[in-house]
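S.K.: Here you go, one structure.
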Amino acid sequence: MTKTRKNLSRFFYHSARLILGVIFIYASYDKILHPKAFAEIVYNYQILPDGLINVTAIFLPWLEMLMGVFLIAGFWMPGTVVWCNILLVVYIGVLWFNLARGIDVNCGCFSTSKESSISIETILWDAAFLALSVYLLFFVFRSETSAGSK
């Protein structure tokens with residue numbers, strides 16, 4: 001790989017980390033401040049049993065915040081990018097599932113107070129975030145593999 005190409009690859013890697021990190025932190029902020037409102041949104045999705053709603057509403061935003069901080073800091077990247085991919089796939093699946101069922105709920109993606117219904121656009125945004133996350137996954141594990149083989 002040429003030096004220019006390697007530098008460009010590193011630039012995209014750091015940019016993707018920063019973009020996703022900021023997105024996860026931004027997405028978690030309002031949910032952390034308003035856990036009751038977020039619990040209502042989680043409940044409206046009609047997917048989890050009642051016993052898991054409050055746990056999810058408290059745990060999930062903190063996980064998003066932690067992942068955002070880890071992405072920006074570049075800390076524990078193998079685990080962080082795996083969790084990012086898992087969460088984004090779950091988010092897309094849940095959004096798609098409720099869109100297909102015709103359930104019109106507040107997405108709760110970035111705000112607990114702003115009404116933002118689930119739409120194809122929401123799913124496409126999450127798919128774009130997933131594409132960045134998949135890029136990070138391949139970059140991190142390709143780097144880990146090549147570092148281990150030297």
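Chain lettering (A, B, ...) mirrors the order of the structure tokens, residue numbering begins at 1 for each chain separately, and ligand numbering begins at 1 in order of display.
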Using only C-alpha atoms, which residues sit within 9 Å of Lys31 of chain A once same-chain residues fewer than 2 positions away are excluded, as a ChimeraX atom specification?
M.R.: /A:27-29,33-39,57-58,60-62,108-112
S.K.: When you look at segment 123-131 of chain A with a cut-off of 7 Å (counting only C-alpha atoms), what residues show up, excluding the ones that are within fewer than 2 positions of it in the same chain? I need them as a compact mmCIF listing (two decimals) with N, CA and C atoms, in the first residue's frame.
M.R.:
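File written: out.txt
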# COMPACT_ATOMS: atom_id res chain seq x y z
N LEU A 20 -19.06 8.83 14.11
CA LEU A 20 -19.90 7.89 14.88
C LEU A 20 -19.87 8.19 16.37
N ASN A 85 -21.65 -2.13 15.65
CA ASN A 85 -22.30 -2.87 14.58
C ASN A 85 -23.52 -3.62 15.08
N LEU A 88 -26.36 -1.06 15.81
CA LEU A 88 -26.94 -0.48 14.60
C LEU A 88 -27.77 -1.50 13.83
N ILE A 92 -31.75 -0.97 13.20
CA ILE A 92 -32.34 -1.06 11.86
C ILE A 92 -33.44 -2.13 11.85
N LEU A 95 -36.52 -0.82 13.77
CA LEU A 95 -37.21 0.21 12.99
C LEU A 95 -37.97 -0.43 11.82
N SER A 119 -39.45 6.11 9.67
CA SER A 119 -39.65 6.18 8.23
C SER A 119 -38.50 5.47 7.53
N ILE A 120 -38.64 5.34 6.25
CA ILE A 120 -37.54 4.77 5.45
C ILE A 120 -36.29 5.65 5.61
N GLU A 121 -36.50 6.95 5.69
CA GLU A 121 -35.37 7.87 5.85
C GLU A 121 -34.59 7.57 7.14
N SER A 133 -19.70 2.09 10.50
CA SER A 133 -19.32 1.16 11.54
C SER A 133 -18.69 -0.12 10.96
N VAL A 134 -19.23 -0.58 9.85
CA VAL A 134 -18.66 -1.76 9.18
C VAL A 134 -17.25 -1.43 8.66
N TYR A 135 -17.09 -0.22 8.11
CA TYR A 135 -15.75 0.21 7.67
C TYR A 135 -14.78 0.16 8.86
S.K.: What's the 6 Å shell around Cys107 of chain A, counting only C-alpha atoms, without same-chain residues fewer than 4 positions away, as number ranges by chain?
M.R.: A: 116-118
S.K.: Quick one, how far is atom CA of Ile86 of chain A from atom CA of Lys114 of chain A?
M.R.: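 If I compute the distance from atom CA of Ile86 of chain A to atom CA of Lys114 of chain A, I get 25.7 Å.
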S.K.: Taking only C-alpha atoms into account, which of A:Arg101, A:Thr4, A:Ser9, A:Met67 comes nearest Val82 of chain A?
M.R.: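 Smallest distance to Val82 of chain A is found for A:Met67.
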S.K.: Which one of A:Leu87, A:Pro78, A:Thr56, A:Val69 sits closest to Phe138 of chain A if you count only C-alpha atoms?
M.R.: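 When distances to Phe138 of chain A are compared using only C-alpha atoms, the smallest one comes from A:Pro78.
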S.K.: Kindly give the distance, in Å, that separates atom CA of Val22 of chain A and atom CA of Val81 of chain A, rounded to a single decimal.
M.R.: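 Between these atoms lies a distance of 14.2 Å.
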S.K.: Suppose you want the space between atom CA of Ala73 of chain A and atom CA of Arg5 of chain A; what is it in Å?
M.R.: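 Here the two named atoms are 23.5 Å from each other.
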